[in-house]
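As provided, query.cif (mmCIF, C-alpha atoms and all ligand atoms) reads as follows.
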```cif
data_target
loop_
_atom_site.label_atom_id
_atom_site.label_comp_id
_atom_site.auth_asym_id
_atom_site.auth_seq_id
_atom_site.Cartn_x
_atom_site.Cartn_y
_atom_site.Cartn_z
CA MET N 1 101.16 155.71 23.55
CA ILE N 2 100.45 154.25 26.96
CA GLU N 3 102.36 155.28 30.06
CA LYS N 4 104.29 152.33 31.45
CA ASN N 5 104.52 150.78 34.91
CA SER N 6 102.57 152.80 37.41
CA TYR N 7 99.13 151.85 36.12
CA ALA N 8 97.37 148.54 36.68
CA ILE N 9 94.78 149.35 34.04
CA GLN N 10 94.60 151.94 31.30
CA PHE N 11 91.69 152.73 29.01
CA GLN N 12 92.43 154.37 25.71
CA ASP N 13 89.54 155.83 23.72
CA VAL N 14 87.23 152.96 24.68
CA TYR N 15 83.75 152.73 23.19
CA LEU N 16 81.00 150.19 23.73
CA THR N 17 77.91 149.95 21.58
CA ILE N 18 75.14 147.46 22.35
CA GLN N 19 72.21 147.19 19.93
CA GLN N 20 73.07 150.50 18.27
CA GLN N 21 73.14 152.23 21.64
CA GLN N 22 76.41 153.81 22.67
CA ILE N 23 76.98 152.97 26.33
CA ILE N 24 80.65 153.83 26.84
CA LYS N 25 81.75 156.90 24.89
CA GLY N 26 85.45 157.38 24.35
CA VAL N 27 86.79 156.67 27.82
CA SER N 28 90.52 157.26 28.36
CA GLY N 29 91.78 156.95 31.92
CA LYS N 30 94.18 155.30 34.33
CA ILE N 31 93.89 153.06 37.38
CA PRO N 32 97.00 153.44 39.59
CA THR N 33 98.70 150.22 40.71
CA GLY N 34 98.32 149.24 44.36
CA LYS N 35 95.74 151.95 45.07
CA ILE N 36 92.01 152.01 45.74
CA THR N 37 90.09 153.62 42.89
CA THR N 38 86.37 154.29 43.11
CA LEU N 39 84.01 154.70 40.17
CA VAL N 40 81.28 157.18 41.05
CA GLY N 41 78.51 158.83 39.07
CA PRO N 42 74.73 158.78 38.61
CA SER N 43 72.73 155.62 37.94
CA GLY N 44 73.07 154.46 34.34
CA ALA N 45 76.40 156.27 33.89
CA GLY N 46 78.11 153.03 32.84
CA LYS N 47 80.02 152.17 36.04
CA SER N 48 79.13 148.46 36.19
CA THR N 49 79.64 148.10 32.45
CA LEU N 50 83.08 149.66 32.66
CA LEU N 51 84.05 147.43 35.58
CA LYS N 52 83.04 144.33 33.66
CA MET N 53 85.19 145.49 30.74
CA CYS N 54 88.22 145.29 33.06
CA ASN N 55 88.09 141.49 33.09
CA ARG N 56 86.43 141.04 29.71
CA LEU N 57 83.05 139.94 30.96
CA ILE N 58 82.17 142.60 28.37
CA SER N 59 84.46 143.39 25.42
CA GLN N 60 84.86 146.90 24.07
CA THR N 61 83.59 147.75 20.59
CA SER N 62 86.67 149.88 19.88
CA GLY N 63 89.66 151.37 21.66
CA SER N 64 92.20 149.63 23.89
CA ILE N 65 92.28 148.38 27.46
CA TYR N 66 95.70 147.64 28.96
CA ILE N 67 96.23 145.41 32.01
CA ASP N 68 99.77 145.76 33.37
CA ASN N 69 100.82 147.39 30.10
CA GLU N 70 99.56 144.52 27.92
CA THR N 71 96.37 144.73 25.89
CA ILE N 72 93.53 142.83 27.53
CA GLU N 73 93.35 140.57 24.46
CA HIS N 74 96.93 139.44 25.19
CA TYR N 75 95.71 137.34 28.15
CA ASN N 76 93.81 134.09 27.78
CA PRO N 77 90.57 134.00 29.82
CA VAL N 78 92.08 131.87 32.62
CA GLN N 79 95.13 134.16 32.99
CA LEU N 80 92.91 137.21 32.97
CA ARG N 81 90.57 135.91 35.70
CA GLN N 82 93.66 134.99 37.76
CA ASN N 83 94.92 138.54 37.49
CA VAL N 84 91.61 140.32 37.80
CA GLY N 85 88.99 139.07 40.27
CA ILE N 86 85.44 140.33 40.56
CA ALA N 87 82.86 140.37 43.37
CA LEU N 88 79.29 141.55 42.84
CA GLN N 89 76.56 143.00 45.03
CA ASP N 90 74.49 139.82 45.36
CA ALA N 91 77.56 137.58 46.02
CA PRO N 92 76.15 134.59 44.12
CA MET N 93 76.99 131.22 45.73
CA ILE N 94 76.88 127.76 44.19
CA LYS N 95 74.82 125.09 45.99
CA GLY N 96 76.83 123.41 48.72
CA THR N 97 79.11 124.38 51.57
CA VAL N 98 81.37 127.40 51.97
CA TYR N 99 84.28 125.05 51.18
CA ASP N 100 82.59 123.99 47.91
CA ASN N 101 82.36 127.66 47.01
CA LEU N 102 85.92 128.47 47.97
CA LYS N 103 87.39 125.64 45.94
CA LEU N 104 85.38 126.54 42.83
CA PRO N 105 88.15 128.65 41.19
CA LYS N 106 90.60 125.76 41.69
CA VAL N 107 88.17 123.11 40.46
CA LEU N 108 87.66 125.19 37.30
CA GLN N 109 91.44 125.01 36.81
CA LYS N 110 91.45 121.27 37.60
CA GLN N 111 93.39 121.94 40.79
CA PHE N 112 92.81 121.23 44.46
CA LEU N 113 92.33 123.53 47.44
CA THR N 114 93.50 122.08 50.76
CA THR N 115 91.37 122.73 53.83
CA ALA N 116 94.43 124.39 55.39
CA ASP N 117 94.59 126.93 52.53
CA ALA N 118 90.83 127.41 52.62
CA THR N 119 91.00 128.04 56.38
CA SER N 120 93.76 130.58 56.03
CA ILE N 121 91.85 132.50 53.35
CA LEU N 122 88.70 132.45 55.48
CA GLN N 123 90.72 133.90 58.35
CA ASP N 124 91.87 136.67 56.06
CA VAL N 125 88.28 137.72 55.53
CA GLY N 126 87.45 137.41 59.24
CA LEU N 127 85.61 134.05 59.30
CA ASP N 128 86.72 131.09 61.43
CA LYS N 129 87.16 127.55 60.12
CA THR N 130 83.76 126.34 61.36
CA PHE N 131 82.36 128.20 58.34
CA LEU N 132 83.99 125.74 55.90
CA GLN N 133 81.26 123.13 56.35
CA LYS N 134 78.34 125.58 56.60
CA ASP N 135 75.71 125.62 53.90
CA ALA N 136 76.48 128.69 51.76
CA SER N 137 72.80 129.42 51.25
CA ASN N 138 72.30 130.03 54.99
CA LEU N 139 74.90 132.77 55.34
CA SER N 140 74.01 136.36 56.19
CA GLY N 141 74.55 139.07 53.58
CA GLY N 142 77.82 140.20 55.18
CA GLN N 143 79.10 136.63 55.54
CA LYS N 144 78.22 135.87 51.91
CA GLN N 145 80.11 138.95 50.82
CA ARG N 146 83.16 137.78 52.80
CA VAL N 147 83.02 134.32 51.23
CA SER N 148 82.63 135.91 47.81
CA ILE N 149 85.75 138.03 48.39
CA ALA N 150 87.62 135.01 49.83
CA ARG N 151 86.69 133.03 46.72
CA THR N 152 88.27 135.63 44.47
CA LEU N 153 91.33 135.75 46.76
CA ILE N 154 92.02 132.06 46.05
CA ASN N 155 93.49 133.22 42.75
CA LYS N 156 95.68 135.76 44.54
CA ASN N 157 94.41 138.41 42.17
CA LYS N 158 96.55 141.47 41.65
CA ILE N 159 93.45 143.45 40.77
CA LEU N 160 90.07 143.18 42.45
CA LEU N 161 86.84 144.60 41.00
CA LEU N 162 84.01 145.21 43.46
CA ASP N 163 80.55 146.33 42.34
CA GLU N 164 78.46 147.85 45.17
CA ILE N 165 79.34 145.01 47.50
CA THR N 166 78.31 146.94 50.62
CA SER N 167 75.07 148.49 49.38
CA ALA N 168 72.80 145.66 50.62
CA LEU N 169 74.51 145.47 54.02
CA ASP N 170 73.69 147.12 57.33
CA TYR N 171 76.03 149.82 58.61
CA THR N 172 78.16 147.51 60.78
CA SER N 173 78.64 144.81 58.12
CA ALA N 174 79.39 147.49 55.51
CA HIS N 175 82.00 148.98 57.81
CA GLU N 176 83.61 145.55 58.33
CA ILE N 177 83.79 144.96 54.59
CA GLU N 178 85.35 148.43 54.17
CA GLN N 179 88.04 147.45 56.67
CA LEU N 180 88.58 144.22 54.74
CA ILE N 181 89.04 146.14 51.49
CA LEU N 182 91.62 148.38 53.17
CA LYS N 183 93.43 145.36 54.59
CA LEU N 184 93.63 143.59 51.21
CA ASN N 185 95.00 146.74 49.70
CA GLN N 186 97.52 147.44 52.46
CA LYS N 187 98.59 143.89 53.36
CA TYR N 188 98.73 142.36 49.88
CA GLY N 189 99.04 145.44 47.70
CA VAL N 190 95.95 144.45 45.72
CA THR N 191 94.80 147.14 43.29
CA ILE N 192 91.14 147.71 44.09
CA ILE N 193 88.55 149.21 41.78
CA TRP N 194 85.15 149.54 43.30
CA ILE N 195 81.80 151.12 42.80
CA THR N 196 79.75 152.73 45.53
CA HIS N 197 76.83 155.14 45.58
CA ASP N 198 78.02 156.36 48.94
CA LEU N 199 80.24 159.32 48.17
CA GLN N 200 81.29 159.75 51.80
CA GLN N 201 82.47 156.13 51.75
CA ALA N 202 84.23 156.72 48.44
CA LEU N 203 86.08 159.74 49.75
CA LYS N 204 87.01 157.96 52.96
CA LEU N 205 88.48 154.86 51.33
CA SER N 206 89.76 155.93 47.94
CA ASP N 207 93.09 157.14 46.73
CA TYR N 208 91.80 157.85 43.25
CA ILE N 209 88.39 158.55 41.71
CA TRP N 210 86.80 158.20 38.30
CA PHE N 211 83.62 160.23 37.84
CA LEU N 212 81.38 158.86 35.09
CA LYS N 213 78.34 160.42 33.52
CA ASP N 214 76.32 159.20 30.57
CA GLY N 215 79.11 156.92 29.32
CA HIS N 216 81.81 159.59 29.58
CA LEU N 217 84.67 159.77 32.05
CA ILE N 218 84.26 163.41 32.97
CA TRP N 219 86.78 163.61 35.81
CA GLU N 220 89.62 161.47 37.19
CA GLY N 221 92.11 162.31 39.88
CA ASP N 222 93.20 162.02 43.48
CA ALA N 223 90.29 161.64 45.88
CA GLU N 224 91.22 164.69 47.92
CA LYS N 225 91.15 166.88 44.81
CA MET N 226 87.58 165.91 43.97
CA LYS N 227 86.05 168.17 46.64
CA THR N 228 87.73 171.20 45.15
CA SER N 229 87.22 170.24 41.50
CA ASN N 230 85.85 173.12 39.43
CA ASN N 231 84.04 170.72 37.10
CA THR N 232 80.36 171.72 37.42
CA TYR N 233 78.99 168.16 37.23
CA VAL N 234 81.35 166.97 39.92
CA GLN N 235 80.53 169.98 42.12
CA ASN N 236 76.76 169.47 41.75
CA PHE N 237 76.98 165.74 42.39
CA PHE N 238 79.06 166.42 45.44
CA THR N 239 76.76 169.09 46.88
CA GLU N 240 73.63 166.96 46.29
CA ILE N 241 75.09 164.05 48.20
CA ILE N 242 76.57 166.02 51.05
CA GLU N 243 73.41 168.11 51.67
N1 LIG B 1 73.37 144.38 28.02
C1 LIG B 1 72.89 145.62 27.86
N2 LIG B 1 72.09 145.91 26.82
C2 LIG B 1 71.58 147.16 26.63
N3 LIG B 1 71.87 148.18 27.44
C3 LIG B 1 72.64 147.96 28.50
C4 LIG B 1 73.22 146.68 28.77
N4 LIG B 1 73.96 146.77 29.89
C5 LIG B 1 73.87 148.04 30.30
N5 LIG B 1 73.07 148.77 29.47
C6 LIG B 1 72.78 150.21 29.59
O1 LIG B 1 74.01 150.88 29.75
C7 LIG B 1 73.89 151.98 30.64
C8 LIG B 1 74.91 151.85 31.74
O2 LIG B 1 74.56 150.77 32.60
P1 LIG B 1 75.39 150.40 33.89
O3 LIG B 1 74.72 149.23 34.51
O4 LIG B 1 76.80 150.25 33.52
O5 LIG B 1 75.21 151.72 34.79
P2 LIG B 1 75.67 152.02 36.27
O6 LIG B 1 76.43 153.28 36.25
O7 LIG B 1 76.32 150.82 36.84
O8 LIG B 1 74.27 152.30 36.99
P3 LIG B 1 73.79 151.95 38.49
O9 LIG B 1 74.44 152.98 39.37
O10 LIG B 1 72.31 152.10 38.44
O11 LIG B 1 74.23 150.55 38.81
C9 LIG B 1 72.45 151.98 31.11
O12 LIG B 1 71.73 152.91 30.34
C10 LIG B 1 71.97 150.56 30.83
O13 LIG B 1 70.60 150.54 30.58
MG MG B 2 75.87 149.48 38.41
#
```

Could I get this file's structure written as structure tokens?
Amino acid sequence: MIEKNSYAIQFQDVYLTIQQQQIIKGVSGKIPTGKITTLVGPSGAGKSTLLKMCNRLISQTSGSIYIDNETIEHYNPVQLRQNVGIALQDAPMIKGTVYDNLKLPKVLQKQFLTTADATSILQDVGLDKTFLQKDASNLSGGQKQRVSIARTLINKNKILLLDEITSALDYTSAHEIEQLILKLNQKYGVTIIWITHDLQQALKLSDYIWFLKDGHLIWEGDAEKMKTSNNTYVQNFFTEIIE
């Protein structure tokens, strides 16, 4: 049985096998609605894979994933991408202007994005309207990341998946993107699930944490409880990073 209402996403005994290799091993866990959840854990733990399973870029081999209490298979691909947006570390842009990039989600749905709407979304991510006509390939890393987030916001996603979007940025740009994540969460109530290798950053921004190791979810809970967890893996990971 799944618990209703307070969870944006629930995993129930989820496995993923690729070419006879088990990558996700019986993950059951919850992502609270309207909160910021961070996936942490060593490299190769399965964080990116798990994130991509949340909008079906990768489908599970067995087990169930629920989005707003419905199985993920219940949604058609367009509905799912409207509900669940994703932004990745390299913020890939299509050739053309920032406006061309912003209207992409609408064009894919055979709809139109007015310049007024595009401007307002750009403002939300801290870029002024002169950016609309700029060539997307000339943007800085931080600007690209903003446009990438703005592009997902076009769909007014209820859930946003972010995979190490600050790891290639300098300290100042990373800090600005952190503030943007907080704003999206607080102003629009977007449920955020993100991955960072920076545990300090995770603890600072997150309400909830999933700790993954070798395809297992070995700890989940409120961020403030992680420091005092008596799980040995979590403790060791924590000490290594803090020291
Ligand atoms: N398409 C694939 N085919 C085979 N193995 C894969 C595939 N995708 C991921 N893996 C393997 O699954 C495991 C988890 O990968 P994943 O990228 O999810 O880890 P991660 O926790 O995001 O690591 P990192 O912190 O380095 O980004 C790794 O061992 C990886 O090699
Ligand atoms: Mg990864």

(request) Write out as a ChimeraX atom specification each polymer residue (protein, DNA or RNA) that has an atom no more than 6 Å from ligand LIG 1 (chain B), with all atoms listed in the file counted. (result) /N:18,23,42-49

Preceding selection exported with C-alpha atoms as a compact mmCIF listing (two decimals), in the frame of the given file:
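File again-v6.txt, as written:
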```txt
# COMPACT_ATOMS: atom_id res chain seq x y z
CA ILE N 18 75.14 147.46 22.35
CA ILE N 23 76.98 152.97 26.33
CA PRO N 42 74.73 158.78 38.61
CA SER N 43 72.73 155.62 37.94
CA GLY N 44 73.07 154.46 34.34
CA ALA N 45 76.40 156.27 33.89
CA GLY N 46 78.11 153.03 32.84
CA LYS N 47 80.02 152.17 36.04
CA SER N 48 79.13 148.46 36.19
CA THR N 49 79.64 148.10 32.45
```

(message) For a quick check of understanding, using only C-alpha atoms, which of N:Lys110, N:Lys95, N:His175, N:Arg146 has the smallest distance to Asp124 (chain N)?
(response) N:Arg146

Contacts of region 178-183 of chain N at 9 Å or less, counting all atoms listed in the file, minus same-chain residues fewer than 6 places along, as a CSV table (one decimal) with C-alpha atoms, in the frame of the given file?
```csv
chain,number,residue,atom,x,y,z
N,36,ILE,CA,92.0,152.0,45.7
N,124,ASP,CA,91.9,136.7,56.1
N,125,VAL,CA,88.3,137.7,55.5
N,126,GLY,CA,87.4,137.4,59.2
N,146,ARG,CA,83.2,137.8,52.8
N,166,THR,CA,78.3,146.9,50.6
N,189,GLY,CA,99.0,145.4,47.7
N,192,ILE,CA,91.1,147.7,44.1
N,201,GLN,CA,82.5,156.1,51.8
N,205,LEU,CA,88.5,154.9,51.3
```

(message) Let me make sure I understand: among N:Tyr15, N:Val234, N:Val98, N:Gln20, which one has the smallest atom-to-atom distance to Lys213 (chain N) if we use only C-alpha atoms?
(response) N:Val234

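Here CA of Tyr66 (chain N) and CA of Lys30 (chain N) stand 9.5 Å from one another.
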
(request) For a cut-off of 12 Å around (86.4, 137.7, 32.0), file coordinates, pick out all residues using all atoms listed in the file and list them as a ChimeraX atom specification. (result) /N:51-59,72-73,75-86,161

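Picture a line from CA of Asn236 (chain N) to CA of Asp163 (chain N); it runs 23.5 Å.
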